[in-house]
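Asker: Take a look at this one; I'll ask things after.
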Amino acid sequence: MSTRKASDNDDPVIEGIEQLAQPMAAGEKPREDWRIGTEHEKLVYCLSDKHAPSYDEPGGIRDLLCALEEFGWHTVEEDGKVIAMAGEDGTVSLEPAGQLELSGAPLETLHETCAETGRHLTQVKAIGERTGKGFLGLGMWPDKTREELPVMPKGRYGIMLRHMPRVGSMGLDMMLRTCTIQVNLDYASEADMAQKFRVGLALQPLATALFANSPFTEGKPNGFLSYRSHIWSDTDPHRTGMLPFVFEDGFGYERYARYMLDVPMYFVFRDGRYIDAAGQSFRDFLRGELPALPGERPRMSDWNDHLSTAFPEVRMKSFLEMRGADGGPWSRICALPALWVGLLYDQAALDAAWDLVKHWSIDEREDLRNAVPKLALDAPVPGGGTLRDLAREALTIARGGLKARKRLNTGGDNETGFLEPLDEIVASGKVPARRLLDKYHGEWGGDISRVYEESF
């Protein structure tokens with residue numbers, strides 16, 4: 001989740017609703033300036049007894065973050081607490097229960113993305129070896145209850161933890177027990193954004209299936225392959241989902257801004273602290289009638305904060321975020337940006353990907369999204385066949401898109417090699433969760449603690 005680094009109290013007051021599309025429009029970039037931003041989370045545990053470390057305990061999450069200073073990172077604080085580390089490779093932040101996230105820098109090629117991921121792995125592993133910490137690449141804690149997990153000292157998390165149970169039954173699971181991989185991508189124009197948004201939404205179930213990696217809850221199989229994806233189905237209906245309006249004629253920045261106006265607020269950030277505005281309306285804020293700050297009108301920083309509090313399958317800020325994938329081991333992290341860059345950053349590939357899905361109805365898209373958490377690649381797709389069949393076509397398109405980009409490393413290799421983990425999954429028909437379940441029912445003998453041997 002987003003990390004605030006300043007109060008932004010001097011930025012402009014919003015004078016009219018027409019300004020709300022500005023952050024999205026400001027994201028437009030010429031093709032040569034398009035970049036790739038990759039975010040990935042991992043579960044942190046203590047090697048001695050597998051507990052999830054708290055923020056304050058010796059060698060805990062705060063100490064883990066601060067240890068990154070030796071690699072050139074510097075601290076970001078909130079209310080006197082270190083909540084993130086900033087550096088040339090982006091930001092390392094703490095998620096609600098101490099999950100550790102790298103929000104990578106915007107990079108030009110997948111080769112750079114892989115190198116960034118490798119640097120982060122090396123640094124975190126070195127700190128872990130010294131402090132007795134391990135890291136799990138999964139979409140959800142396989143054995144922890146909510147009560148066994150710590151809560152990190154970040155103002156927005158306290159507000160969200162109080163609010164989540166009011167609007168859904170699994171919001172606390174989303175915050176405390178899950179991990180994801182996410183890719184942030186650019187667009188050239190409003191029309192380019194709309195096409196990428198539509199393809200991204202329609203094919204987000206494909207990413208969920210290929211990266212499905214959360215089959216256990218509290219030590220036992222949960223009946224899902226991506227329980228993390230299932231959790232989103234009852235987190236908060238006002239800020240999640242497949243956004244049918246994105247497929248309507250005329251969709252653009254203003255329509256997304258209107259959607260965001262109807263997403264209830266979480267907070268307002270003032271003078272270094274978060275003010276609870278959970279469930280209140282940004283429309284009231286525009287009129288100076290927000291109960292949390294009566295008489296005050298929002299600044300652009302407030303709107304940018306609000307844009308970060310919706311959690312649909314694809315989210316727009318000044319770029320598009322692809323949000324459907326479970327967390328996973330280092331060997332698969334670079335495959336997710338490879339999939340989406342291959343599909344979305346070459347026009348011929350983007351058009352071909354749109355041809356795969358453009359005839360699907362709203363109900364068909366919803367049915368696929370709802371089937372994937374349990375069935376993954378076996379989910380039926382509109383028109384016949386399974387998602388595994390569609391995956392073969394999509395990977396062929398993505399490979400062509402990456403070839404067309406002609407981004408070579410020093411050895412002369414293009415970016416298509418980053419798709420190989422996905423090729424293997426589709427060829428075998430076994431998503432990561434199925435492999436874990438095979439081991440659980442086979443060589444592990446039902447002992448969930450063996451999953452820690454599969455970490456990173």
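To be explicit about the labels: the chains of the structure tokens are called A, B, and onward in the order shown, and within each one the residues are counted from 1, while ligands get numbers from 1 in the order they are shown.
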Excluding stretch 213-219 of chain A and residues on its chain fewer than 6 positions from it, collect all residues at most 8 Å away from it, counting only C-alpha atoms, and give them as a ChimeraX atom specification.

Answerer: /A:138-145,225-228,326-328,431-434,436-437,448

Asker: I need the chosen residues saved as a PDB file, in the first residue's frame, with N, CA and C atoms.

Answerer:
```pdb
ATOM      1  N   LEU A 138       4.508 -16.585  -0.980  1.00  0.00           N
ATOM      2  CA  LEU A 138       3.175 -17.160  -1.119  1.00  0.00           C
ATOM      3  C   LEU A 138       2.153 -16.040  -1.216  1.00  0.00           C
ATOM      4  N   GLY A 139       0.941 -16.393  -1.625  1.00  0.00           N
ATOM      5  CA  GLY A 139      -0.115 -15.394  -1.708  1.00  0.00           C
ATOM      6  C   GLY A 139      -0.824 -15.156  -0.393  1.00  0.00           C
ATOM      7  N   MET A 140      -0.591 -16.037   0.593  1.00  0.00           N
ATOM      8  CA  MET A 140      -1.268 -15.908   1.881  1.00  0.00           C
ATOM      9  C   MET A 140      -0.518 -16.717   2.932  1.00  0.00           C
ATOM     10  N   TRP A 141      -0.574 -16.237   4.169  1.00  0.00           N
ATOM     11  CA  TRP A 141       0.002 -17.017   5.260  1.00  0.00           C
ATOM     12  C   TRP A 141      -0.632 -18.405   5.261  1.00  0.00           C
ATOM     13  N   PRO A 142       0.182 -19.470   5.234  1.00  0.00           N
ATOM     14  CA  PRO A 142      -0.388 -20.815   5.155  1.00  0.00           C
ATOM     15  C   PRO A 142      -0.860 -21.378   6.484  1.00  0.00           C
ATOM     16  N   ASP A 143      -0.443 -20.759   7.594  1.00  0.00           N
ATOM     17  CA  ASP A 143      -0.708 -21.381   8.892  1.00  0.00           C
ATOM     18  C   ASP A 143      -1.090 -20.414   9.999  1.00  0.00           C
ATOM     19  N   LYS A 144      -1.104 -19.114   9.740  1.00  0.00           N
ATOM     20  CA  LYS A 144      -1.328 -18.138  10.806  1.00  0.00           C
ATOM     21  C   LYS A 144      -2.794 -17.697  10.867  1.00  0.00           C
ATOM     22  N   THR A 145      -3.320 -17.576  12.094  1.00  0.00           N
ATOM     23  CA  THR A 145      -4.602 -16.934  12.298  1.00  0.00           C
ATOM     24  C   THR A 145      -4.395 -15.420  12.313  1.00  0.00           C
ATOM     25  N   LEU A 225      -7.366 -22.415  -5.021  1.00  0.00           N
ATOM     26  CA  LEU A 225      -5.991 -22.326  -5.510  1.00  0.00           C
ATOM     27  C   LEU A 225      -5.434 -20.923  -5.277  1.00  0.00           C
ATOM     28  N   SER A 226      -6.307 -19.917  -5.397  1.00  0.00           N
ATOM     29  CA  SER A 226      -5.945 -18.556  -5.010  1.00  0.00           C
ATOM     30  C   SER A 226      -6.973 -18.056  -4.010  1.00  0.00           C
ATOM     31  N   TYR A 227      -6.738 -18.394  -2.749  1.00  0.00           N
ATOM     32  CA  TYR A 227      -7.632 -17.884  -1.712  1.00  0.00           C
ATOM     33  C   TYR A 227      -7.479 -16.373  -1.577  1.00  0.00           C
ATOM     34  N   ARG A 228      -6.296 -15.874  -1.867  1.00  0.00           N
ATOM     35  CA  ARG A 228      -6.098 -14.418  -1.844  1.00  0.00           C
ATOM     36  C   ARG A 228      -7.079 -13.733  -2.786  1.00  0.00           C
ATOM     37  N   ASP A 326      -1.108 -13.533  -7.081  1.00  0.00           N
ATOM     38  CA  ASP A 326      -0.601 -13.905  -5.759  1.00  0.00           C
ATOM     39  C   ASP A 326       0.900 -13.681  -5.684  1.00  0.00           C
ATOM     40  N   GLY A 327       1.386 -13.459  -4.468  1.00  0.00           N
ATOM     41  CA  GLY A 327       2.824 -13.442  -4.251  1.00  0.00           C
ATOM     42  C   GLY A 327       3.442 -14.789  -4.569  1.00  0.00           C
ATOM     43  N   GLY A 328       4.732 -14.764  -4.862  1.00  0.00           N
ATOM     44  CA  GLY A 328       5.404 -16.003  -5.233  1.00  0.00           C
ATOM     45  C   GLY A 328       6.896 -15.918  -5.012  1.00  0.00           C
ATOM     46  N   VAL A 431      -0.738 -25.090 -11.825  1.00  0.00           N
ATOM     47  CA  VAL A 431      -0.363 -23.792 -11.277  1.00  0.00           C
ATOM     48  C   VAL A 431       0.398 -24.017  -9.961  1.00  0.00           C
ATOM     49  N   PRO A 432       1.101 -23.008  -9.453  1.00  0.00           N
ATOM     50  CA  PRO A 432       1.910 -23.207  -8.245  1.00  0.00           C
ATOM     51  C   PRO A 432       1.144 -23.817  -7.079  1.00  0.00           C
ATOM     52  N   ALA A 433      -0.100 -23.418  -6.870  1.00  0.00           N
ATOM     53  CA  ALA A 433      -0.865 -23.956  -5.744  1.00  0.00           C
ATOM     54  C   ALA A 433      -1.072 -25.458  -5.866  1.00  0.00           C
ATOM     55  N   ARG A 434      -1.276 -25.955  -7.073  1.00  0.00           N
ATOM     56  CA  ARG A 434      -1.478 -27.401  -7.249  1.00  0.00           C
ATOM     57  C   ARG A 434      -0.205 -28.163  -6.909  1.00  0.00           C
ATOM     58  N   LEU A 436       1.998 -27.256  -4.670  1.00  0.00           N
ATOM     59  CA  LEU A 436       2.071 -27.266  -3.206  1.00  0.00           C
ATOM     60  C   LEU A 436       1.097 -28.287  -2.619  1.00  0.00           C
ATOM     61  N   LEU A 437      -0.102 -28.366  -3.172  1.00  0.00           N
ATOM     62  CA  LEU A 437      -1.079 -29.338  -2.673  1.00  0.00           C
ATOM     63  C   LEU A 437      -0.611 -30.772  -2.903  1.00  0.00           C
ATOM     64  N   ILE A 448       2.084 -28.997   7.357  1.00  0.00           N
ATOM     65  CA  ILE A 448       2.162 -27.695   6.699  1.00  0.00           C
ATOM     66  C   ILE A 448       3.473 -26.978   6.993  1.00  0.00           C
TER      67      ILE A 448
END
```

Asker: Name the residues in contact with A:Leu356 at a cut-off of 12 Å, using only C-alpha atoms, excluding same-chain residues fewer than 2 positions from it; report them as a compact mmCIF listing (two decimals) with C-alpha atoms, in the first residue's frame.

Answerer:
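Once written, out-v3.txt looks like this:
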```
# COMPACT_ATOMS: atom_id res chain seq x y z
CA ARG A 198 -10.05 -3.07 -20.75
CA VAL A 199 -7.53 -5.74 -21.75
CA GLY A 200 -6.03 -5.67 -18.25
CA ALA A 202 -10.61 -8.87 -18.93
CA LEU A 203 -7.36 -10.84 -18.67
CA LEU A 343 0.53 -7.84 -23.99
CA ALA A 349 0.02 -7.36 -29.32
CA LEU A 350 -2.45 -5.07 -27.55
CA ASP A 351 -4.85 -5.29 -30.48
CA ALA A 352 -4.51 -9.07 -30.61
CA ALA A 353 -5.12 -9.34 -26.86
CA TRP A 354 -8.23 -7.18 -27.19
CA LYS A 358 -13.66 -7.93 -26.74
CA HIS A 359 -16.79 -10.02 -27.33
CA TRP A 360 -17.16 -11.11 -23.70
CA VAL A 381 -13.85 -19.21 -20.77
CA PRO A 382 -16.58 -17.57 -22.85
CA GLY A 383 -17.00 -19.25 -26.21
CA LEU A 387 -8.37 -20.61 -19.36
CA ASP A 389 -6.34 -22.76 -23.77
CA LEU A 390 -6.59 -18.98 -23.62
CA ALA A 391 -3.28 -18.83 -21.76
CA ARG A 392 -1.49 -20.47 -24.68
CA GLU A 393 -2.82 -17.81 -27.03
CA ALA A 394 -2.07 -14.97 -24.63
CA LEU A 395 1.51 -16.14 -24.08
CA ILE A 397 0.83 -12.78 -28.15
```

Asker: Measuring atom to atom with only C-alpha atoms, identify which of A:Gln99, A:Asn222, A:Ser233, A:Thr180 is nearest to A:Pro150.

Answerer: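 Of the candidates, the smallest distance to A:Pro150 is held by A:Gln99.
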
Asker: Between A:Tyr55, A:Tyr345, A:Phe247, A:Trp232, which is the closest to A:Ile83 once you count only C-alpha atoms?

Answerer: A:Tyr55

Asker: DSSP on the backbone: which residues in stretch 226-379 of chain A end up as alpha helix (DSSP H)? Give the answer as an MDAnalysis selection string.

Answerer: chainID A and resid 227:231 253:261 282:286 300:307 330:333 335:344 347:357 362:375

Asker: I need the chosen residues saved as a CSV table (one decimal), in the first residue's frame, with C-alpha atoms.

Answerer:
```csv
chain,number,residue,atom,x,y,z
A,227,TYR,CA,-7.6,-17.9,-1.7
A,228,ARG,CA,-6.1,-14.4,-1.8
A,229,SER,CA,-8.2,-13.7,-4.9
A,230,HIS,CA,-11.3,-15.1,-3.2
A,231,ILE,CA,-10.7,-12.8,-0.2
A,253,TYR,CA,-10.4,9.8,-17.1
A,254,GLU,CA,-13.5,11.7,-16.1
A,255,ARG,CA,-15.6,8.5,-15.8
A,256,TYR,CA,-13.0,7.0,-13.6
A,257,ALA,CA,-12.9,10.1,-11.5
A,258,ARG,CA,-16.7,9.9,-11.0
A,259,TYR,CA,-16.3,6.3,-9.9
A,260,MET,CA,-13.7,7.3,-7.4
A,261,LEU,CA,-16.0,10.1,-6.0
A,282,PHE,CA,-15.3,12.9,-1.1
A,283,ARG,CA,-18.2,14.7,-2.7
A,284,ASP,CA,-19.0,16.2,0.7
A,285,PHE,CA,-15.3,17.1,1.1
A,286,LEU,CA,-15.5,19.1,-2.2
A,300,MET,CA,-4.9,17.7,-4.8
A,301,SER,CA,-2.8,15.6,-2.4
A,302,ASP,CA,-6.0,14.5,-0.7
A,303,TRP,CA,-7.4,13.3,-4.1
A,304,ASN,CA,-4.2,11.5,-4.9
A,305,ASP,CA,-4.4,9.8,-1.5
A,306,HIS,CA,-8.0,8.9,-2.2
A,307,LEU,CA,-7.0,7.3,-5.6
A,330,TRP,CA,11.8,-15.0,-6.7
A,331,SER,CA,11.9,-17.3,-9.7
A,332,ARG,CA,8.5,-16.1,-10.9
A,333,ILE,CA,8.4,-12.4,-9.9
A,335,ALA,CA,7.3,-13.3,-15.2
A,336,LEU,CA,4.3,-11.1,-14.2
A,337,PRO,CA,5.8,-7.8,-15.7
A,338,ALA,CA,6.9,-9.9,-18.7
A,339,LEU,CA,3.3,-11.0,-19.3
A,340,TRP,CA,1.7,-7.6,-19.1
A,341,VAL,CA,4.5,-5.7,-20.9
A,342,GLY,CA,4.3,-8.3,-23.7
A,343,LEU,CA,0.5,-7.8,-24.0
A,344,LEU,CA,0.2,-4.1,-23.5
A,347,GLN,CA,0.3,-2.1,-30.3
A,348,ALA,CA,-0.1,-5.2,-32.5
A,349,ALA,CA,0.0,-7.4,-29.3
A,350,LEU,CA,-2.4,-5.1,-27.5
A,351,ASP,CA,-4.9,-5.3,-30.5
A,352,ALA,CA,-4.5,-9.1,-30.6
A,353,ALA,CA,-5.1,-9.3,-26.9
A,354,TRP,CA,-8.2,-7.2,-27.2
A,355,ASP,CA,-9.5,-9.5,-30.0
A,356,LEU,CA,-9.3,-12.4,-27.5
A,357,VAL,CA,-11.7,-10.7,-25.0
A,362,ILE,CA,-20.2,-8.3,-18.4
A,363,ASP,CA,-21.6,-11.4,-17.0
A,364,GLU,CA,-19.1,-13.6,-18.7
A,365,ARG,CA,-16.2,-11.6,-17.4
A,366,GLU,CA,-17.6,-11.8,-13.9
A,367,ASP,CA,-18.2,-15.5,-14.2
A,368,LEU,CA,-14.6,-16.1,-15.2
A,369,ARG,CA,-13.2,-13.9,-12.4
A,370,ASN,CA,-15.4,-15.8,-9.9
A,371,ALA,CA,-14.4,-19.2,-11.1
A,372,VAL,CA,-10.6,-18.7,-11.2
A,373,PRO,CA,-9.9,-18.7,-7.4
A,374,LYS,CA,-11.0,-22.3,-7.2
A,375,LEU,CA,-10.3,-23.6,-10.8
```

Asker: Just checking: using only C-alpha atoms, which residue out of A:Glu190, A:Asp378, A:Asp276, A:Asp438 ends up closest to A:Ala25?

Answerer: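 Among A:Glu190, A:Asp378, A:Asp276, A:Asp438, it is A:Glu190 that comes nearest to A:Ala25.
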
Asker: Just want the 10 Å neighbourhood of A:Ser54, counted on only C-alpha atoms, with same-chain residues fewer than 3 positions away dropped. Output as a count of residues only.

Answerer: 15

Asker: What's the 10 Å shell around A:Ala67, counting only C-alpha atoms, without same-chain residues fewer than 3 positions away, as number ranges by chain?

Answerer: A: 59, 61-64, 70-74, 85, 123-124, 126-128, 131

Asker: Taking only C-alpha atoms into account, which of A:Asp236, A:Asp56, A:Asp271, A:Glu454 comes nearest A:Pro312?

Answerer: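 Between A:Asp236, A:Asp56, A:Asp271, A:Glu454, the residue approaching A:Pro312 most closely is A:Asp236.
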
Asker: If you count only C-alpha atoms, which residues fall within 10 Å of A:Ser48, apart from same-chain ones fewer than 2 positions away, as a PDB file with N, CA and C atoms, in the first residue's frame?

Answerer:
```pdb
ATOM      1  N   TYR A  45       9.205 -14.266   8.561  1.00  0.00           N
ATOM      2  CA  TYR A  45       9.044 -15.115   9.740  1.00  0.00           C
ATOM      3  C   TYR A  45      10.394 -15.311  10.432  1.00  0.00           C
ATOM      4  N   CYS A  46      10.331 -15.691  11.705  1.00  0.00           N
ATOM      5  CA  CYS A  46      11.534 -15.964  12.477  1.00  0.00           C
ATOM      6  C   CYS A  46      11.930 -17.423  12.290  1.00  0.00           C
ATOM      7  N   LYS A  50       9.169 -19.801  13.626  1.00  0.00           N
ATOM      8  CA  LYS A  50       8.248 -19.493  12.523  1.00  0.00           C
ATOM      9  C   LYS A  50       7.208 -18.435  12.882  1.00  0.00           C
ATOM     10  N   HIS A  51       7.355 -17.715  13.983  1.00  0.00           N
ATOM     11  CA  HIS A  51       6.363 -16.682  14.270  1.00  0.00           C
ATOM     12  C   HIS A  51       6.611 -15.463  13.390  1.00  0.00           C
ATOM     13  N   GLY A 132      18.209 -13.865  11.751  1.00  0.00           N
ATOM     14  CA  GLY A 132      17.381 -15.044  11.969  1.00  0.00           C
ATOM     15  C   GLY A 132      15.998 -14.945  11.372  1.00  0.00           C
ATOM     16  N   LYS A 133      15.916 -14.322  10.187  1.00  0.00           N
ATOM     17  CA  LYS A 133      14.626 -14.150   9.520  1.00  0.00           C
ATOM     18  C   LYS A 133      14.607 -14.916   8.199  1.00  0.00           C
ATOM     19  N   GLY A 134      13.436 -15.423   7.880  1.00  0.00           N
ATOM     20  CA  GLY A 134      13.207 -16.058   6.591  1.00  0.00           C
ATOM     21  C   GLY A 134      12.057 -15.371   5.878  1.00  0.00           C
TER      22      GLY A 134
END
```

Asker: May I have all residues of stretch 101-277 of chain A that DSSP, computed from the backbone, assigns to strand (DSSP E), given as a list in words?

Answerer: Glu101, Leu102, Ser103, Gly104, Lys133, Gly134, Phe135, Leu136, Thr180, Ile181, Gln182, Val183, Asn184, Leu185, Phe216, Thr217, Lys220, Pro221, Thr240, Gly241, Phe267, Val268, Phe269, Arg270, Arg273, Tyr274, Ile275 and Asp276 of chain A

Asker: Go ahead and save the residues from that selection, with N, CA and C atoms, as a CSV table (one decimal), in the first residue's frame.

Answerer:
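Result went into out30.csv, see below:
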```csv
chain,number,residue,atom,x,y,z
A,101,GLU,N,7.5,-5.2,1.4
A,101,GLU,CA,7.2,-4.9,0.0
A,101,GLU,C,8.3,-4.1,-0.6
A,102,LEU,N,8.8,-4.5,-1.8
A,102,LEU,CA,9.6,-3.6,-2.6
A,102,LEU,C,8.7,-3.0,-3.7
A,103,SER,N,8.5,-1.7,-3.6
A,103,SER,CA,7.9,-0.9,-4.7
A,103,SER,C,9.0,-0.4,-5.6
A,104,GLY,N,9.3,-1.2,-6.7
A,104,GLY,CA,10.4,-0.9,-7.5
A,104,GLY,C,10.4,0.4,-8.2
A,133,LYS,N,15.9,-14.3,10.2
A,133,LYS,CA,14.6,-14.2,9.5
A,133,LYS,C,14.6,-14.9,8.2
A,134,GLY,N,13.4,-15.4,7.9
A,134,GLY,CA,13.2,-16.1,6.6
A,134,GLY,C,12.1,-15.4,5.9
A,135,PHE,N,11.9,-15.7,4.6
A,135,PHE,CA,10.9,-15.0,3.8
A,135,PHE,C,10.1,-16.1,3.0
A,136,LEU,N,8.8,-15.9,2.9
A,136,LEU,CA,8.0,-16.9,2.2
A,136,LEU,C,7.4,-16.2,1.0
A,180,THR,N,1.0,-10.0,-2.6
A,180,THR,CA,0.8,-10.0,-4.1
A,180,THR,C,2.0,-9.6,-4.8
A,181,ILE,N,2.0,-9.7,-6.1
A,181,ILE,CA,2.9,-9.1,-7.1
A,181,ILE,C,2.1,-8.2,-7.9
A,182,GLN,N,2.6,-7.1,-8.2
A,182,GLN,CA,1.8,-6.1,-9.0
A,182,GLN,C,2.7,-5.4,-10.0
A,183,VAL,N,2.2,-5.0,-11.1
A,183,VAL,CA,2.9,-4.3,-12.2
A,183,VAL,C,2.2,-3.0,-12.5
A,184,ASN,N,3.0,-1.9,-12.6
A,184,ASN,CA,2.5,-0.6,-12.9
A,184,ASN,C,3.0,-0.2,-14.3
A,185,LEU,N,2.1,0.2,-15.2
A,185,LEU,CA,2.4,0.5,-16.6
A,185,LEU,C,1.9,1.8,-17.0
A,216,PHE,N,-3.7,-22.7,1.2
A,216,PHE,CA,-3.7,-23.2,2.6
A,216,PHE,C,-4.2,-22.0,3.5
A,217,THR,N,-5.0,-22.4,4.5
A,217,THR,CA,-5.5,-21.4,5.5
A,217,THR,C,-5.4,-22.1,6.9
A,220,LYS,N,-4.3,-25.9,6.7
A,220,LYS,CA,-4.9,-27.0,5.9
A,220,LYS,C,-5.4,-26.4,4.6
A,221,PRO,N,-5.6,-27.3,3.6
A,221,PRO,CA,-6.1,-26.8,2.3
A,221,PRO,C,-7.4,-26.1,2.5
A,240,THR,N,-13.9,-2.5,-4.9
A,240,THR,CA,-13.2,-3.7,-5.5
A,240,THR,C,-14.0,-4.1,-6.7
A,241,GLY,N,-13.5,-5.1,-7.5
A,241,GLY,CA,-14.2,-5.7,-8.6
A,241,GLY,C,-13.7,-5.4,-9.9
A,267,PHE,N,-9.5,8.3,5.0
A,267,PHE,CA,-8.7,9.2,5.8
A,267,PHE,C,-8.4,10.5,5.1
A,268,VAL,N,-8.0,11.5,5.9
A,268,VAL,CA,-7.3,12.7,5.4
A,268,VAL,C,-6.0,12.8,6.1
A,269,PHE,N,-5.0,13.2,5.4
A,269,PHE,CA,-3.6,13.3,6.0
A,269,PHE,C,-3.3,14.8,6.2
A,270,ARG,N,-3.1,15.2,7.5
A,270,ARG,CA,-2.8,16.5,7.8
A,270,ARG,C,-1.7,16.6,8.9
A,273,ARG,N,-0.2,13.4,10.3
A,273,ARG,CA,-1.0,12.3,10.9
A,273,ARG,C,-2.3,12.1,10.0
A,274,TYR,N,-2.9,10.9,10.2
A,274,TYR,CA,-4.1,10.5,9.5
A,274,TYR,C,-5.3,10.7,10.3
A,275,ILE,N,-6.3,11.4,9.7
A,275,ILE,CA,-7.5,11.7,10.4
A,275,ILE,C,-8.6,10.8,9.8
A,276,ASP,N,-9.3,10.1,10.7
A,276,ASP,CA,-10.3,9.1,10.3
A,276,ASP,C,-11.5,9.7,9.7
```

Asker: Give me the residues near A:Ala194 as a compact mmCIF listing (two decimals) with N, CA and C atoms, in the first residue's frame, where near means some atom within 8 Å (using only C-alpha atoms) and where sequence neighbours in that chain fewer than 2 positions away do not count.

Answerer:
```txt
# COMPACT_ATOMS: atom_id res chain seq x y z
N GLU A 190 -5.55 9.03 -23.62
CA GLU A 190 -6.77 8.54 -23.00
C GLU A 190 -7.28 7.29 -23.70
N ALA A 191 -7.20 7.28 -25.03
CA ALA A 191 -7.65 6.10 -25.78
C ALA A 191 -6.75 4.90 -25.51
N ASP A 192 -5.45 5.13 -25.44
CA ASP A 192 -4.51 4.05 -25.14
C ASP A 192 -4.75 3.52 -23.73
N LYS A 196 -5.86 -0.40 -22.80
CA LYS A 196 -5.06 -1.18 -21.86
C LYS A 196 -5.86 -1.54 -20.61
N PHE A 197 -6.67 -0.61 -20.12
CA PHE A 197 -7.50 -0.88 -18.95
C PHE A 197 -8.45 -2.04 -19.24
N ARG A 198 -9.08 -2.02 -20.40
CA ARG A 198 -10.05 -3.07 -20.75
C ARG A 198 -9.38 -4.43 -20.90
N VAL A 246 -15.83 0.41 -17.26
CA VAL A 246 -14.62 0.62 -18.07
C VAL A 246 -14.86 0.17 -19.51
N PHE A 251 -15.59 5.65 -22.19
CA PHE A 251 -14.84 5.59 -20.94
C PHE A 251 -13.54 6.37 -21.04
N GLY A 252 -13.24 7.12 -19.98
CA GLY A 252 -11.99 7.87 -19.93
C GLY A 252 -11.71 8.36 -18.53
```

Asker: When distances are computed from only C-alpha atoms, which of A:Leu408, A:Met160, A:Ala207, A:Val76 shows the smallest separation from A:Met174?

Answerer: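 Answer, going by the shortest atom-to-atom distance: A:Met160.
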
Asker: What is the atom CA of A:Val426 to atom CA of A:Gly137 distance in Å?

Answerer: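 That distance, rounded to one decimal, is 20.1 Å.
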